[in-house]
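Visitor: Got a structure for you, written out below as structure tokens; questions coming shortly.
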Amino acid sequence: MNPFKKRTGVLPSYFTGRTDELKELKRIYDSTREGDAGHIIIYGPKGIGKTCLLLKFQEELESLEETYSIRIPMVEGSFFDIYSLIVDTSAESLGMKISSFWDTIKGLGINIPFVGGFTVSRDTPPTSPSVAIRKILETIYNKLEGEDPVLILLVDDLQRILINEDTQRVLSILQSALVELNLKGFKIMFVATGSYDIFSKIQDITDSAIRTFDPYELKPLSLDEVRDAINIPSNKEGISFEEDVLERIYDVSEGNPYYIQVVAHNCFEESINNRVSTIEFEKSFPSSLNFLAQREFRYMYEKSSIEERKILSIFAESNSDVLAYKEIKENKKSEPSRVLQNMTKKNLLVKESRGKYKLRDKMFKEYLRTEQPYKLNGTLEN
Ligand SMILES: Nc1ncnc2c1ncn2[C@@H]1O[C@H](COP(=O)(O)OP(=O)(O)OP(=O)(O)O)[C@@H](O)[C@H]1O
Ligand SMILES: [Mg+2]
């Protein structure tokens, strides 16, 4: 059986590293337990391991008494969709009937239009969103067993609520509700994950939210951690990866666990005599690249403008990974500042240092060099 996962959002067969992160989460938990609640947003690029870290933390919480965690994968939707999502997932994970939950909320005189199957009552004015969310959290908390329980909200993909003005308000509403409830002695801890640029998005909306939520950047895995992530599960299946291969995988993935899983999966499929050497690595690599192209890279390329594609081609064709503004300008034959800025914002490029840029990651560069999408249909002629 192949122990490596080809998709994101699922726990790997062997979870490597992340000891500092789990320690930090535990520290915030302890502090919340003692009455000084903390809130954190873990952020990083696609596939870096945000969801898995939440899952792992949730696993560690299972053994703790009077501790309740609720994992809410955020969706893009309206204000009311988000309310329903919070209530429905909470009721479900606490083993309560969703309808009785809404009844309790309604019983408090809370009047939220459209959610939980009830419509605005004519007699009661609709409840303001900030009161509603506070009451919802209060209701959830009060249903917990124990004298002094801790409630941990694990919200995955917070950036999804930041896409329209209506739902953007949820964040500041949530923030003030948390602050108020914590002051009243409710032990509620909030852990969210977000895309690499979530803090710049939040900053554009509410400056004060930054003060409530601690930022924590999730970094790539180290070589030792990558070794364990591959060796431990594959040895269990009787297959061993040669050290050269492990180093190659570490190098090309740059420690991104999603890439590691995909590449290791395909190497494993090619293993001969219970071994994976660089020959099998080379043989399987095109399928890994093709898989990632289909899932991620082609779309990223197709979404980009003609000007952006031109710059991507300059990077792909160049022998050095890092290019200076001047070189890009010379190659592009026009002023690139604005495009470069946009591409950095979209995470197609990263800024190495002042005036120096590189492609978002090596795997994306491999895709561009191999598939050369900029040579198709003469898109970049003239
Ligand atoms: N600590 C780890 N050890 C080994 N493998 C891991 C680890 N963390 C994540 N992975 C693997 O990498 C894949 C991607 O992780 P995850 O889904 O957590 O990333 P993500 O940051 O949430 O991605 P996305 O941006 O798509 O939501 C997972 O499916 C898992 O197989
Ligand atoms: Mg995720």
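FYI, nothing fancy with the structure tokens labels: chains A, B, ... in order, residues from 1 per chain, ligands from 1 as they appear.
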Within 9 Å of ligand 2, which residues show up when you count only C-alpha atoms and all ligand atoms? List them as an MDAnalysis selection string, please.

Guide: chainID A and resid 8:10 46:52 73 156:157 193:195

Visitor: Within 9 Å of Thr16 of chain A, counting only C-alpha atoms, which residues show up once you throw out same-chain ones fewer than 5 positions away? Write them as a ChimeraX atom specification, please.

Guide: /A:221,225-226,228-229

Visitor: Store the residues of this selection in a file with N, CA and C atoms, as a tab-separated table (two decimals), in the first residue's frame.

Guide:
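File produced: result18.tsv:
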```
chain	number	residue	atom	x	y	z
A	221	LEU	N	9.38	22.34	5.98
A	221	LEU	CA	10.02	21.31	6.80
A	221	LEU	C	11.52	21.30	6.56
A	225	GLU	N	13.32	16.53	8.94
A	225	GLU	CA	11.87	16.27	9.02
A	225	GLU	C	11.34	15.61	7.75
A	226	VAL	N	11.90	16.02	6.62
A	226	VAL	CA	11.50	15.42	5.34
A	226	VAL	C	11.93	13.93	5.32
A	228	ASP	N	12.25	11.90	7.81
A	228	ASP	CA	11.29	11.12	8.62
A	228	ASP	C	9.95	10.97	7.91
A	229	ALA	N	9.50	12.06	7.29
A	229	ALA	CA	8.19	12.03	6.63
A	229	ALA	C	8.14	10.96	5.54
```

Visitor: Could you list, as a ChimeraX atom specification, every residue within 7 Å of segment 168-173 of chain A, counting only C-alpha atoms and ignoring same-chain residues fewer than 6 positions away?

Guide: /A:130,161-162,206,209

Visitor: Which residues are close to segment 310-318 of chain A, i.e. within 9 Å by only C-alpha atoms, leaving aside same-chain residues fewer than 5 positions away? Reply as an MDAnalysis selection string.

Guide: chainID A and resid 301 305 323 328 331:332 336 339:340 348:349 358:359 365:369 372:375 380

Visitor: If you keep N, CA and C atoms, can you produce a file of those selected residues as a PDB file, in the first residue's frame?

Guide:
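Result file again_13.pdb:
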```
ATOM      1  N   TYR A 301      -1.149  29.644 -14.307  1.00  0.00           N
ATOM      2  CA  TYR A 301      -0.624  30.248 -15.529  1.00  0.00           C
ATOM      3  C   TYR A 301      -1.747  30.856 -16.356  1.00  0.00           C
ATOM      4  N   SER A 305      -2.055  37.390 -16.709  1.00  0.00           N
ATOM      5  CA  SER A 305      -2.194  38.233 -17.900  1.00  0.00           C
ATOM      6  C   SER A 305      -1.029  38.014 -18.866  1.00  0.00           C
ATOM      7  N   LEU A 323      16.235  37.161 -10.041  1.00  0.00           N
ATOM      8  CA  LEU A 323      16.493  38.173 -11.055  1.00  0.00           C
ATOM      9  C   LEU A 323      16.290  39.574 -10.471  1.00  0.00           C
ATOM     10  N   ILE A 328      14.982  42.193 -15.498  1.00  0.00           N
ATOM     11  CA  ILE A 328      13.617  41.913 -15.943  1.00  0.00           C
ATOM     12  C   ILE A 328      13.163  43.003 -16.908  1.00  0.00           C
ATOM     13  N   ASN A 331      14.755  42.565 -20.344  1.00  0.00           N
ATOM     14  CA  ASN A 331      14.167  41.450 -21.080  1.00  0.00           C
ATOM     15  C   ASN A 331      12.749  41.718 -21.544  1.00  0.00           C
ATOM     16  N   LYS A 332      12.034  42.416 -20.706  1.00  0.00           N
ATOM     17  CA  LYS A 332      10.614  42.630 -20.979  1.00  0.00           C
ATOM     18  C   LYS A 332      10.421  43.784 -21.961  1.00  0.00           C
ATOM     19  N   PRO A 336       8.433  47.178 -15.678  1.00  0.00           N
ATOM     20  CA  PRO A 336       7.733  46.053 -15.037  1.00  0.00           C
ATOM     21  C   PRO A 336       7.228  46.289 -13.603  1.00  0.00           C
ATOM     22  N   VAL A 339       3.567  45.329 -12.676  1.00  0.00           N
ATOM     23  CA  VAL A 339       3.309  43.901 -12.890  1.00  0.00           C
ATOM     24  C   VAL A 339       4.007  43.078 -11.809  1.00  0.00           C
ATOM     25  N   LEU A 340       5.248  43.455 -11.493  1.00  0.00           N
ATOM     26  CA  LEU A 340       5.997  42.720 -10.470  1.00  0.00           C
ATOM     27  C   LEU A 340       5.294  42.787  -9.117  1.00  0.00           C
ATOM     28  N   LEU A 348       2.787  34.650  -7.324  1.00  0.00           N
ATOM     29  CA  LEU A 348       3.450  34.015  -8.465  1.00  0.00           C
ATOM     30  C   LEU A 348       4.952  34.204  -8.306  1.00  0.00           C
ATOM     31  N   LEU A 349       5.313  35.358  -7.734  1.00  0.00           N
ATOM     32  CA  LEU A 349       6.709  35.663  -7.456  1.00  0.00           C
ATOM     33  C   LEU A 349       6.859  35.951  -5.974  1.00  0.00           C
ATOM     34  N   LYS A 358      12.083  36.214  -7.309  1.00  0.00           N
ATOM     35  CA  LYS A 358      12.205  34.842  -7.830  1.00  0.00           C
ATOM     36  C   LYS A 358      10.812  34.223  -7.956  1.00  0.00           C
ATOM     37  N   LEU A 359      10.734  33.116  -8.667  1.00  0.00           N
ATOM     38  CA  LEU A 359       9.450  32.438  -8.805  1.00  0.00           C
ATOM     39  C   LEU A 359       8.998  31.900  -7.452  1.00  0.00           C
ATOM     40  N   LYS A 365       8.677  26.483 -11.083  1.00  0.00           N
ATOM     41  CA  LYS A 365       9.683  26.750 -12.105  1.00  0.00           C
ATOM     42  C   LYS A 365       9.901  25.513 -12.985  1.00  0.00           C
ATOM     43  N   GLU A 366       9.970  24.345 -12.347  1.00  0.00           N
ATOM     44  CA  GLU A 366      10.108  23.095 -13.105  1.00  0.00           C
ATOM     45  C   GLU A 366       8.961  22.938 -14.098  1.00  0.00           C
ATOM     46  N   TYR A 367       7.769  23.257 -13.635  1.00  0.00           N
ATOM     47  CA  TYR A 367       6.589  23.164 -14.510  1.00  0.00           C
ATOM     48  C   TYR A 367       6.747  24.093 -15.726  1.00  0.00           C
ATOM     49  N   LEU A 368       7.123  25.344 -15.458  1.00  0.00           N
ATOM     50  CA  LEU A 368       7.258  26.302 -16.559  1.00  0.00           C
ATOM     51  C   LEU A 368       8.327  25.853 -17.551  1.00  0.00           C
ATOM     52  N   ARG A 369       9.438  25.355 -17.022  1.00  0.00           N
ATOM     53  CA  ARG A 369      10.544  24.936 -17.895  1.00  0.00           C
ATOM     54  C   ARG A 369      10.196  23.693 -18.693  1.00  0.00           C
ATOM     55  N   GLN A 372       6.627  24.637 -20.782  1.00  0.00           N
ATOM     56  CA  GLN A 372       6.789  25.861 -21.583  1.00  0.00           C
ATOM     57  C   GLN A 372       5.460  26.381 -22.134  1.00  0.00           C
ATOM     58  N   PRO A 373       4.512  26.641 -21.244  1.00  0.00           N
ATOM     59  CA  PRO A 373       3.182  27.042 -21.706  1.00  0.00           C
ATOM     60  C   PRO A 373       3.221  28.343 -22.523  1.00  0.00           C
ATOM     61  N   TYR A 374       4.260  29.146 -22.299  1.00  0.00           N
ATOM     62  CA  TYR A 374       4.380  30.419 -23.023  1.00  0.00           C
ATOM     63  C   TYR A 374       4.776  30.247 -24.480  1.00  0.00           C
ATOM     64  N   LYS A 375       5.119  28.996 -24.844  1.00  0.00           N
ATOM     65  CA  LYS A 375       5.469  28.762 -26.250  1.00  0.00           C
ATOM     66  C   LYS A 375       4.282  28.248 -27.063  1.00  0.00           C
ATOM     67  N   LEU A 380       3.022  34.749 -26.765  1.00  0.00           N
ATOM     68  CA  LEU A 380       3.904  35.850 -26.409  1.00  0.00           C
ATOM     69  C   LEU A 380       4.585  36.473 -27.630  1.00  0.00           C
TER      70      LEU A 380
END
```

Visitor: Determine which residues of segment 215-249 of chain A receive a DSSP assignment of alpha helix (DSSP H), computed from the backbone, and state them as number ranges by chain.

Guide: A: 223-236, 243-249

Visitor: Could the residues in this selection be written to a file with C-alpha atoms, as a short mmCIF file (atom, residue, chain, number, x, y, z; two decimals), in the first residue's frame?

Guide:
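What ended up in result-v4.cif:
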```cif
data_model
loop_
_atom_site.label_atom_id
_atom_site.label_comp_id
_atom_site.auth_asym_id
_atom_site.auth_seq_id
_atom_site.Cartn_x
_atom_site.Cartn_y
_atom_site.Cartn_z
CA LEU A 223 15.77 18.02 5.71
CA ASP A 224 15.62 15.86 8.84
CA GLU A 225 11.87 16.27 9.02
CA VAL A 226 11.50 15.42 5.34
CA ARG A 227 13.64 12.30 5.87
CA ASP A 228 11.29 11.12 8.62
CA ALA A 229 8.19 12.03 6.63
CA ILE A 230 9.35 9.69 3.87
CA ASN A 231 11.46 7.00 5.57
CA ILE A 232 9.21 6.18 8.48
CA PRO A 233 6.03 5.39 6.52
CA SER A 234 7.84 3.79 3.56
CA ASN A 235 10.04 1.53 5.70
CA LYS A 236 6.86 0.28 7.32
CA GLU A 243 19.65 9.15 0.80
CA ASP A 244 20.29 10.79 -2.61
CA VAL A 245 16.60 10.60 -3.39
CA LEU A 246 15.62 12.09 -0.05
CA GLU A 247 17.93 15.00 -0.71
CA ARG A 248 16.54 15.46 -4.21
CA ILE A 249 12.98 15.51 -2.88
#
```

Visitor: Where does DSSP see strand (DSSP E or B) in segment 110-258 of chain A, if you list the residues as a PyMOL selection string?

Guide: chain A and resi 150-156+188-194+214-217+240-241

Visitor: Name all residues at most 12 Å from Ala293 of chain A (count only C-alpha atoms; drop same-chain ones fewer than 2 positions away) and give them as an mmCIF file with N, CA and C atoms, in the first residue's frame.

Guide:
```cif
data_model
loop_
_atom_site.group_PDB
_atom_site.id
_atom_site.type_symbol
_atom_site.label_atom_id
_atom_site.label_comp_id
_atom_site.auth_asym_id
_atom_site.auth_seq_id
_atom_site.Cartn_x
_atom_site.Cartn_y
_atom_site.Cartn_z
ATOM 1 N N TYR A 259 4.020 18.926 -1.690
ATOM 2 C CA TYR A 259 4.888 18.496 -2.787
ATOM 3 C C TYR A 259 5.623 17.204 -2.406
ATOM 4 N N VAL A 262 3.349 14.204 -2.787
ATOM 5 C CA VAL A 262 3.066 13.870 -4.188
ATOM 6 C C VAL A 262 4.285 13.189 -4.827
ATOM 7 N N PRO A 286 8.291 13.171 -13.835
ATOM 8 C CA PRO A 286 7.337 13.793 -14.766
ATOM 9 C C PRO A 286 5.868 13.592 -14.357
ATOM 10 N N SER A 287 5.543 12.430 -13.796
ATOM 11 C CA SER A 287 4.140 12.256 -13.387
ATOM 12 C C SER A 287 3.782 13.132 -12.195
ATOM 13 N N SER A 288 4.756 13.366 -11.311
ATOM 14 C CA SER A 288 4.487 14.270 -10.183
ATOM 15 C C SER A 288 4.228 15.675 -10.700
ATOM 16 N N LEU A 289 5.087 16.076 -11.626
ATOM 17 C CA LEU A 289 4.970 17.421 -12.180
ATOM 18 C C LEU A 289 3.656 17.586 -12.930
ATOM 19 N N ASN A 290 3.324 16.558 -13.681
ATOM 20 C CA ASN A 290 2.089 16.606 -14.443
ATOM 21 C C ASN A 290 0.863 16.662 -13.530
ATOM 22 N N PHE A 291 0.938 15.909 -12.450
ATOM 23 C CA PHE A 291 -0.144 15.921 -11.468
ATOM 24 C C PHE A 291 -0.324 17.326 -10.892
ATOM 25 N N ARG A 295 -3.380 20.053 -11.218
ATOM 26 C CA ARG A 295 -4.079 20.507 -10.025
ATOM 27 C C ARG A 295 -3.881 21.981 -9.729
ATOM 28 N N GLU A 296 -2.657 22.482 -9.961
ATOM 29 C CA GLU A 296 -2.352 23.831 -9.515
ATOM 30 C C GLU A 296 -1.794 24.748 -10.608
ATOM 31 N N PHE A 297 -0.727 24.296 -11.246
ATOM 32 C CA PHE A 297 0.094 25.232 -12.005
ATOM 33 C C PHE A 297 -0.546 25.756 -13.287
ATOM 34 N N ARG A 298 -1.222 24.866 -14.038
ATOM 35 C CA ARG A 298 -1.813 25.323 -15.294
ATOM 36 C C ARG A 298 -2.818 26.434 -15.044
ATOM 37 N N TYR A 299 -3.591 26.232 -14.018
ATOM 38 C CA TYR A 299 -4.595 27.230 -13.656
ATOM 39 C C TYR A 299 -3.933 28.553 -13.280
ATOM 40 N N MET A 300 -2.853 28.468 -12.500
ATOM 41 C CA MET A 300 -2.151 29.690 -12.110
ATOM 42 C C MET A 300 -1.633 30.420 -13.339
ATOM 43 N N TYR A 301 -1.149 29.644 -14.307
ATOM 44 C CA TYR A 301 -0.624 30.248 -15.529
ATOM 45 C C TYR A 301 -1.747 30.856 -16.356
ATOM 46 N N GLU A 302 -2.810 30.095 -16.506
ATOM 47 C CA GLU A 302 -3.911 30.580 -17.345
ATOM 48 C C GLU A 302 -4.600 31.806 -16.774
ATOM 49 N N MET A 363 9.153 24.062 -7.748
ATOM 50 C CA MET A 363 8.278 23.138 -8.447
ATOM 51 C C MET A 363 7.538 23.875 -9.570
ATOM 52 N N PHE A 364 7.134 25.089 -9.289
ATOM 53 C CA PHE A 364 6.460 25.900 -10.297
ATOM 54 C C PHE A 364 7.434 26.219 -11.434
ATOM 55 N N LYS A 365 8.677 26.483 -11.083
ATOM 56 C CA LYS A 365 9.683 26.750 -12.105
ATOM 57 C C LYS A 365 9.901 25.513 -12.985
ATOM 58 N N GLU A 366 9.970 24.345 -12.347
ATOM 59 C CA GLU A 366 10.108 23.095 -13.105
ATOM 60 C C GLU A 366 8.961 22.938 -14.098
ATOM 61 N N TYR A 367 7.769 23.257 -13.635
ATOM 62 C CA TYR A 367 6.589 23.164 -14.510
ATOM 63 C C TYR A 367 6.747 24.093 -15.726
ATOM 64 N N LEU A 368 7.123 25.344 -15.458
ATOM 65 C CA LEU A 368 7.258 26.302 -16.559
ATOM 66 C C LEU A 368 8.327 25.853 -17.551
ATOM 67 N N ARG A 369 9.438 25.355 -17.022
ATOM 68 C CA ARG A 369 10.544 24.936 -17.895
ATOM 69 C C ARG A 369 10.196 23.693 -18.693
ATOM 70 N N THR A 370 9.444 22.804 -18.079
ATOM 71 C CA THR A 370 9.124 21.547 -18.752
ATOM 72 C C THR A 370 8.009 21.727 -19.769
ATOM 73 N N GLU A 371 6.960 22.358 -19.346
ATOM 74 C CA GLU A 371 5.786 22.455 -20.215
ATOM 75 C C GLU A 371 5.861 23.655 -21.163
ATOM 76 N N GLN A 372 6.627 24.637 -20.782
ATOM 77 C CA GLN A 372 6.789 25.861 -21.583
ATOM 78 C C GLN A 372 5.460 26.381 -22.134
ATOM 79 N N PRO A 373 4.512 26.641 -21.244
ATOM 80 C CA PRO A 373 3.182 27.042 -21.706
ATOM 81 C C PRO A 373 3.221 28.343 -22.523
#
```

Visitor: Can you tell me, as a list in words, what residues are no more than 9 Å from Tyr216 of chain A when counting only C-alpha atoms, ignoring any on the same chain fewer than 2 positions away?

Guide: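 The filter keeps Glu21, Ile40, Ile41, Ile42, Tyr43, Gly44, Asp214 and Leu218 of chain A.
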
Visitor: Generate a file of the selected residues that holds N, CA and C atoms, formatted as a short mmCIF file (atom, residue, chain, number, x, y, z; two decimals), in the first residue's frame.

Guide:
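To be explicit, this is the file written out as selection.cif:
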```cif
data_model
loop_
_atom_site.label_atom_id
_atom_site.label_comp_id
_atom_site.auth_asym_id
_atom_site.auth_seq_id
_atom_site.Cartn_x
_atom_site.Cartn_y
_atom_site.Cartn_z
N GLU A 21 5.38 24.53 16.80
CA GLU A 21 4.03 25.01 16.56
C GLU A 21 3.06 24.41 17.57
N ILE A 40 -4.82 32.92 17.77
CA ILE A 40 -3.69 32.85 16.84
C ILE A 40 -4.17 32.56 15.42
N ILE A 41 -3.47 33.14 14.46
CA ILE A 41 -3.74 32.81 13.06
C ILE A 41 -2.46 32.23 12.46
N ILE A 42 -2.54 30.99 12.01
CA ILE A 42 -1.40 30.32 11.40
C ILE A 42 -1.53 30.47 9.89
N TYR A 43 -0.49 31.01 9.27
CA TYR A 43 -0.64 31.28 7.85
C TYR A 43 0.56 30.77 7.05
N GLY A 44 0.33 30.59 5.75
CA GLY A 44 1.40 30.11 4.89
C GLY A 44 0.82 29.69 3.55
N ASP A 214 -2.68 36.70 17.11
CA ASP A 214 -1.24 36.61 16.91
C ASP A 214 -0.93 35.94 15.58
N LEU A 218 3.77 29.51 9.19
CA LEU A 218 4.14 28.10 9.11
C LEU A 218 5.24 27.94 8.07
#
```

Visitor: Work out how far atom 14 (C, counted along the ligand's line) of ligand 1 is from atom CA of Glu282 of chain A, in Å to one decimal.

Guide: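 Separation of atom CA of Glu282 of chain A and atom 14 (C, counted along the ligand's line) of ligand 1: 22.8 Å.
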
Visitor: Of the candidates A:Leu94, A:Val131, A:Val252, A:Val263, which shows the shortest atom-to-atom distance to ligand 1, using only C-alpha atoms and all ligand atoms?

Guide: A:Val263

Visitor: For ligand 1, which residue among A:Ser63, A:Ser90, A:Ser69, A:Asn256 is the nearest when counting only C-alpha atoms and all ligand atoms?

Guide: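 Closest residue, counting only C-alpha atoms and all ligand atoms: A:Asn256.
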